[in-house]
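Enquirer: Dumping the structure here so I can ask a few things about it.
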Amino acid sequence: MTIEIRELDYTNFSEVRDFLIGHEYTWRDSDPSTFQPKSEEKRDESATKFMERKESDPEREGGIIAYDGSRMIGSHRLEVWNIDHEKACHIHGLWVDPEYRGRGIALEMKKLGEKWAMEHGCKIMDSNVKVSNENMITLNEKMGYTVARFNYRKRLDCK
Ligand SMILES: CC(C)(COP(=O)(O)OP(=O)(O)OC[C@H]1O[C@@H](n2cnc3c(N)ncnc32)[C@H](O)[C@@H]1OP(=O)(O)O)[C@@H](O)C(=O)NCCC(=O)NCCS
């Protein structure tokens with residue numbers, strides 16, 4: 001088994017499509033109660049739009065992908081934006097195929113994500129994690145991430 005972890009080929013439609021499916025699975029596996037899979041047509045459309053955005057604004061969005069042969073087994077989605085007047089890299093998603101977890105693949109993808117962010121002039125990495133996602137909290141803390149803000153919610157008693 002040869003696992004390849006690298007930056008996404010933004011010009012390759014099927015790779016971009018795989019990457020976005022992996023991104024969908026971030027939501028499927030971290031919050032199954034709210035997950036709604038995209039249709040195949042919608043996946044095609046999303047990949048086309050991603051490639052168009054990349055062409056018109058090459059510095060803004062990035063991706064790291066992991067393959068085992070032709071099987072996509074990991075996806076890490078990034079976007080450059082501003083936080084407190086500083087250039088920052090927001091992490092939109094990180095997913096590793098359940099069969100491949102616990103082997104350091106997410107750690108490696110996050111390292112490449114940070115490299116990508118630095119190459120794009122970012123001074124901060126930024127991400128949101130559910131309080132119930134212990135694996136991701138542990139991984140972030142292991143890599144030196146600290147809590148920057150709390151997100152308060154209250155369920156309302158309405159019909
Ligand atoms: C979170 C996730 C990306 C981790 O992927 P992974 O490839 O298994 O992670 P790694 O093997 O690189 O683990 C790196 C470190 O993360 C922490 N970690 C990851 N999985 C863990 C687990 N099941 N239990 C405890 N710690 C864990 C550990 O510190 C681990 O280092 P160690 O192996 O030296 O202890 C994967 O579980 C996943 O895809 N989850 C569903 C999607 C998700 O929740 N994404 C994040 C949304 S914010």
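Labels used: A, B, ... for chains in the order of the structure tokens, numbers from 1 for residues in each chain, and numbers from 1 for ligands as shown.
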Compute the set of protein, DNA and RNA residues whose minimum atom distance to ligand 1 is at most 8 Å, using only C-alpha atoms and all ligand atoms, and state it as an NGL selection string.
Expert: :A and (25-31 or 74 or 92-98 or 100-109 or 127-130 or 133-142)
Enquirer: Just write the chosen residues, N, CA, C and O atoms, as a short mmCIF file (atom, residue, chain, number, x, y, z; two decimals), in the first residue's frame.
Expert:
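Contents of the output file selection-v4.cif:
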```cif
data_model
loop_
_atom_site.label_atom_id
_atom_site.label_comp_id
_atom_site.auth_asym_id
_atom_site.auth_seq_id
_atom_site.Cartn_x
_atom_site.Cartn_y
_atom_site.Cartn_z
N TYR A 25 -17.72 14.36 3.48
CA TYR A 25 -17.63 13.33 4.51
C TYR A 25 -17.15 13.90 5.85
O TYR A 25 -17.38 13.29 6.89
N THR A 26 -16.46 15.06 5.82
CA THR A 26 -16.12 15.73 7.08
C THR A 26 -17.40 15.93 7.88
O THR A 26 -17.47 15.65 9.08
N TRP A 27 -18.45 16.40 7.18
CA TRP A 27 -19.73 16.68 7.84
C TRP A 27 -20.46 15.39 8.17
O TRP A 27 -21.04 15.25 9.23
N ARG A 28 -20.40 14.43 7.23
CA ARG A 28 -21.08 13.15 7.47
C ARG A 28 -20.57 12.48 8.75
O ARG A 28 -21.35 11.99 9.56
N ASP A 29 -19.23 12.50 8.92
CA ASP A 29 -18.64 11.76 10.05
C ASP A 29 -18.52 12.58 11.33
O ASP A 29 -18.37 12.01 12.40
N SER A 30 -18.56 13.90 11.22
CA SER A 30 -18.43 14.69 12.46
C SER A 30 -19.80 15.12 12.98
O SER A 30 -19.95 15.43 14.15
N ASP A 31 -20.82 15.13 12.08
CA ASP A 31 -22.15 15.53 12.54
C ASP A 31 -23.22 14.77 11.74
O ASP A 31 -23.95 15.36 10.93
N GLY A 74 -8.48 10.81 1.97
CA GLY A 74 -8.39 11.96 2.88
C GLY A 74 -8.54 13.27 2.13
O GLY A 74 -8.17 13.39 0.96
N HIS A 92 -11.72 24.55 6.46
CA HIS A 92 -13.14 24.22 6.25
C HIS A 92 -13.43 22.76 6.55
O HIS A 92 -14.57 22.42 6.86
N GLY A 93 -12.43 21.91 6.39
CA GLY A 93 -12.70 20.49 6.61
C GLY A 93 -11.44 19.66 6.67
O GLY A 93 -10.41 20.02 6.08
N LEU A 94 -11.54 18.56 7.39
CA LEU A 94 -10.46 17.57 7.46
C LEU A 94 -11.13 16.21 7.64
O LEU A 94 -11.93 16.03 8.56
N TRP A 95 -10.83 15.30 6.73
CA TRP A 95 -11.48 13.99 6.81
C TRP A 95 -10.49 12.90 6.39
O TRP A 95 -9.73 13.07 5.43
N VAL A 96 -10.51 11.79 7.14
CA VAL A 96 -9.75 10.60 6.77
C VAL A 96 -10.72 9.42 6.75
O VAL A 96 -11.56 9.27 7.66
N ASP A 97 -10.62 8.59 5.71
CA ASP A 97 -11.46 7.39 5.58
C ASP A 97 -11.33 6.56 6.86
O ASP A 97 -10.21 6.31 7.33
N PRO A 98 -12.48 6.12 7.44
CA PRO A 98 -12.44 5.35 8.69
C PRO A 98 -11.45 4.18 8.67
O PRO A 98 -10.82 3.87 9.67
N TYR A 100 -8.63 4.06 7.41
CA TYR A 100 -7.24 4.52 7.40
C TYR A 100 -6.91 5.40 8.61
O TYR A 100 -5.86 6.01 8.67
N ARG A 101 -7.83 5.48 9.56
CA ARG A 101 -7.59 6.36 10.71
C ARG A 101 -6.56 5.77 11.68
O ARG A 101 -6.35 4.56 11.70
N GLY A 102 -5.97 6.64 12.48
CA GLY A 102 -5.03 6.20 13.51
C GLY A 102 -3.64 5.89 12.98
O GLY A 102 -2.84 5.24 13.64
N ARG A 103 -3.35 6.37 11.75
CA ARG A 103 -2.02 6.10 11.16
C ARG A 103 -1.25 7.39 10.89
O ARG A 103 -0.27 7.39 10.14
N GLY A 104 -1.75 8.50 11.41
CA GLY A 104 -1.02 9.76 11.24
C GLY A 104 -1.34 10.50 9.94
O GLY A 104 -0.65 11.46 9.59
N ILE A 105 -2.38 10.07 9.22
CA ILE A 105 -2.69 10.71 7.92
C ILE A 105 -3.22 12.13 8.12
O ILE A 105 -2.80 13.07 7.44
N ALA A 106 -4.11 12.31 9.11
CA ALA A 106 -4.65 13.66 9.37
C ALA A 106 -3.53 14.60 9.81
O ALA A 106 -3.47 15.76 9.37
N LEU A 107 -2.67 14.09 10.66
CA LEU A 107 -1.54 14.90 11.14
C LEU A 107 -0.69 15.39 9.96
O LEU A 107 -0.34 16.56 9.85
N GLU A 108 -0.41 14.48 9.04
CA GLU A 108 0.40 14.82 7.86
C GLU A 108 -0.34 15.82 6.97
O GLU A 108 0.26 16.78 6.47
N MET A 109 -1.65 15.63 6.80
CA MET A 109 -2.41 16.57 5.97
C MET A 109 -2.43 17.95 6.61
O MET A 109 -2.32 18.97 5.92
N SER A 127 -9.81 27.33 12.90
CA SER A 127 -10.74 26.22 12.64
C SER A 127 -11.81 26.15 13.72
O SER A 127 -11.62 26.65 14.83
N ASN A 128 -12.93 25.52 13.39
CA ASN A 128 -14.02 25.32 14.35
C ASN A 128 -14.17 23.82 14.57
O ASN A 128 -14.17 23.04 13.62
N VAL A 129 -14.32 23.44 15.81
CA VAL A 129 -14.47 22.03 16.15
C VAL A 129 -15.61 21.87 17.14
O VAL A 129 -15.73 22.66 18.08
N LYS A 130 -16.45 20.87 16.91
CA LYS A 130 -17.54 20.61 17.87
C LYS A 130 -16.95 20.16 19.21
O LYS A 130 -15.96 19.41 19.22
N ASN A 133 -16.15 16.51 19.56
CA ASN A 133 -15.19 15.86 18.67
C ASN A 133 -13.83 15.73 19.35
O ASN A 133 -12.87 16.47 19.06
N GLU A 134 -13.74 14.75 20.23
CA GLU A 134 -12.52 14.61 21.05
C GLU A 134 -11.27 14.33 20.22
O GLU A 134 -10.19 14.82 20.53
N ASN A 135 -11.42 13.52 19.15
CA ASN A 135 -10.24 13.19 18.31
C ASN A 135 -9.63 14.46 17.73
O ASN A 135 -8.41 14.64 17.72
N MET A 136 -10.52 15.32 17.23
CA MET A 136 -10.04 16.54 16.57
C MET A 136 -9.47 17.53 17.59
O MET A 136 -8.48 18.22 17.31
N ILE A 137 -10.08 17.58 18.76
CA ILE A 137 -9.56 18.48 19.82
C ILE A 137 -8.16 18.01 20.21
O ILE A 137 -7.22 18.82 20.29
N THR A 138 -8.00 16.69 20.39
CA THR A 138 -6.69 16.15 20.76
C THR A 138 -5.66 16.46 19.68
O THR A 138 -4.53 16.87 19.97
N LEU A 139 -6.06 16.23 18.43
CA LEU A 139 -5.14 16.48 17.31
C LEU A 139 -4.74 17.95 17.24
O LEU A 139 -3.55 18.28 17.09
N ASN A 140 -5.71 18.84 17.39
CA ASN A 140 -5.39 20.27 17.35
C ASN A 140 -4.44 20.65 18.48
O ASN A 140 -3.44 21.37 18.26
N GLU A 141 -4.72 20.16 19.68
CA GLU A 141 -3.86 20.52 20.81
C GLU A 141 -2.46 19.97 20.62
O GLU A 141 -1.47 20.64 20.92
N LYS A 142 -2.39 18.76 20.07
CA LYS A 142 -1.08 18.16 19.79
C LYS A 142 -0.26 19.03 18.84
O LYS A 142 0.96 19.09 18.92
#
```
Enquirer: Any chance you could list, as a VMD selection string, the residues in segment 3-157 of chain A that come up alpha helix (DSSP H) when DSSP is run on the backbone?
Expert: chain A and resid 13 to 30 40 to 56 105 to 119 134 to 142
Enquirer: Those residues you just picked out, can you put them in a file as a PDB file, in the first residue's frame with C-alpha atoms?
Expert:
```pdb
ATOM      1  CA  PHE A  13     -11.766  17.502 -12.510  1.00  0.00           C
ATOM      2  CA  SER A  14     -12.067  14.002 -11.026  1.00  0.00           C
ATOM      3  CA  GLU A  15      -9.509  14.817  -8.332  1.00  0.00           C
ATOM      4  CA  VAL A  16     -11.304  18.044  -7.410  1.00  0.00           C
ATOM      5  CA  ARG A  17     -14.571  16.073  -7.309  1.00  0.00           C
ATOM      6  CA  ASP A  18     -12.993  13.443  -4.994  1.00  0.00           C
ATOM      7  CA  PHE A  19     -11.635  16.209  -2.771  1.00  0.00           C
ATOM      8  CA  LEU A  20     -15.085  17.793  -2.413  1.00  0.00           C
ATOM      9  CA  ILE A  21     -16.682  14.411  -1.678  1.00  0.00           C
ATOM     10  CA  GLY A  22     -14.068  13.975   1.064  1.00  0.00           C
ATOM     11  CA  HIS A  23     -15.072  17.403   2.301  1.00  0.00           C
ATOM     12  CA  GLU A  24     -18.738  16.288   2.384  1.00  0.00           C
ATOM     13  CA  TYR A  25     -17.633  13.331   4.513  1.00  0.00           C
ATOM     14  CA  THR A  26     -16.124  15.726   7.085  1.00  0.00           C
ATOM     15  CA  TRP A  27     -19.730  16.682   7.843  1.00  0.00           C
ATOM     16  CA  ARG A  28     -21.083  13.150   7.465  1.00  0.00           C
ATOM     17  CA  ASP A  29     -18.640  11.759  10.045  1.00  0.00           C
ATOM     18  CA  SER A  30     -18.429  14.689  12.456  1.00  0.00           C
ATOM     19  CA  GLU A  40     -24.090  13.232  -8.328  1.00  0.00           C
ATOM     20  CA  GLU A  41     -25.191  16.221 -10.465  1.00  0.00           C
ATOM     21  CA  LYS A  42     -24.618  18.597  -7.567  1.00  0.00           C
ATOM     22  CA  ARG A  43     -21.154  17.079  -7.010  1.00  0.00           C
ATOM     23  CA  ASP A  44     -20.273  17.709 -10.673  1.00  0.00           C
ATOM     24  CA  GLU A  45     -21.532  21.270 -10.371  1.00  0.00           C
ATOM     25  CA  SER A  46     -19.564  21.895  -7.149  1.00  0.00           C
ATOM     26  CA  ALA A  47     -16.340  20.602  -8.738  1.00  0.00           C
ATOM     27  CA  THR A  48     -16.848  22.802 -11.813  1.00  0.00           C
ATOM     28  CA  LYS A  49     -17.506  25.869  -9.648  1.00  0.00           C
ATOM     29  CA  PHE A  50     -14.470  25.147  -7.456  1.00  0.00           C
ATOM     30  CA  MET A  51     -12.233  24.958 -10.547  1.00  0.00           C
ATOM     31  CA  GLU A  52     -13.701  28.208 -11.905  1.00  0.00           C
ATOM     32  CA  ARG A  53     -13.102  30.011  -8.588  1.00  0.00           C
ATOM     33  CA  LYS A  54      -9.541  28.665  -8.474  1.00  0.00           C
ATOM     34  CA  GLU A  55      -8.863  29.962 -11.961  1.00  0.00           C
ATOM     35  CA  SER A  56     -10.214  33.441 -11.253  1.00  0.00           C
ATOM     36  CA  ILE A 105      -2.691  10.711   7.919  1.00  0.00           C
ATOM     37  CA  ALA A 106      -4.651  13.660   9.368  1.00  0.00           C
ATOM     38  CA  LEU A 107      -1.540  14.905  11.141  1.00  0.00           C
ATOM     39  CA  GLU A 108       0.401  14.817   7.863  1.00  0.00           C
ATOM     40  CA  MET A 109      -2.414  16.571   5.966  1.00  0.00           C
ATOM     41  CA  LYS A 110      -2.579  19.311   8.598  1.00  0.00           C
ATOM     42  CA  LYS A 111       1.194  19.820   8.371  1.00  0.00           C
ATOM     43  CA  LEU A 112       0.903  20.236   4.598  1.00  0.00           C
ATOM     44  CA  GLY A 113      -2.069  22.569   5.162  1.00  0.00           C
ATOM     45  CA  GLU A 114       0.047  24.771   7.418  1.00  0.00           C
ATOM     46  CA  LYS A 115       2.829  24.771   4.814  1.00  0.00           C
ATOM     47  CA  TRP A 116       0.300  25.829   2.150  1.00  0.00           C
ATOM     48  CA  ALA A 117      -0.966  28.599   4.472  1.00  0.00           C
ATOM     49  CA  MET A 118       2.539  29.949   5.112  1.00  0.00           C
ATOM     50  CA  GLU A 119       3.297  29.929   1.393  1.00  0.00           C
ATOM     51  CA  GLU A 134     -12.523  14.614  21.050  1.00  0.00           C
ATOM     52  CA  ASN A 135     -10.243  13.195  18.314  1.00  0.00           C
ATOM     53  CA  MET A 136     -10.037  16.543  16.570  1.00  0.00           C
ATOM     54  CA  ILE A 137      -9.564  18.476  19.816  1.00  0.00           C
ATOM     55  CA  THR A 138      -6.691  16.152  20.758  1.00  0.00           C
ATOM     56  CA  LEU A 139      -5.140  16.477  17.309  1.00  0.00           C
ATOM     57  CA  ASN A 140      -5.385  20.274  17.355  1.00  0.00           C
ATOM     58  CA  GLU A 141      -3.864  20.520  20.814  1.00  0.00           C
ATOM     59  CA  LYS A 142      -1.082  18.158  19.786  1.00  0.00           C
TER      60      LYS A 142
END
```
Enquirer: Have a look at A:Arg71, A:Asp57, A:Gly62, A:Phe35 and name the one nearest to Ile3 of chain A; count only C-alpha atoms.
Expert: A:Arg71
Enquirer: Rank A:Ile124, A:Met143, A:Ile5, A:Val131 by their smallest atom-to-atom distance to Ile64 of chain A, using only C-alpha atoms, and report the top residue only.
Expert: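 For Ile64 of chain A, the nearest of the candidates is A:Ile5.
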Enquirer: Rounded to one decimal, what separation in Å do you get between atom CA of Lys154 of chain A and atom CA of Ile91 of chain A?
Expert: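 Going from atom CA of Lys154 of chain A over to atom CA of Ile91 of chain A covers 25.2 Å.
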Enquirer: Quick one: pull the distance between atom CA of Tyr145 of chain A and atom CA of Lys123 of chain A, Å, one decimal.
Expert: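 Computing it gives 13.1 Å between the two atoms.
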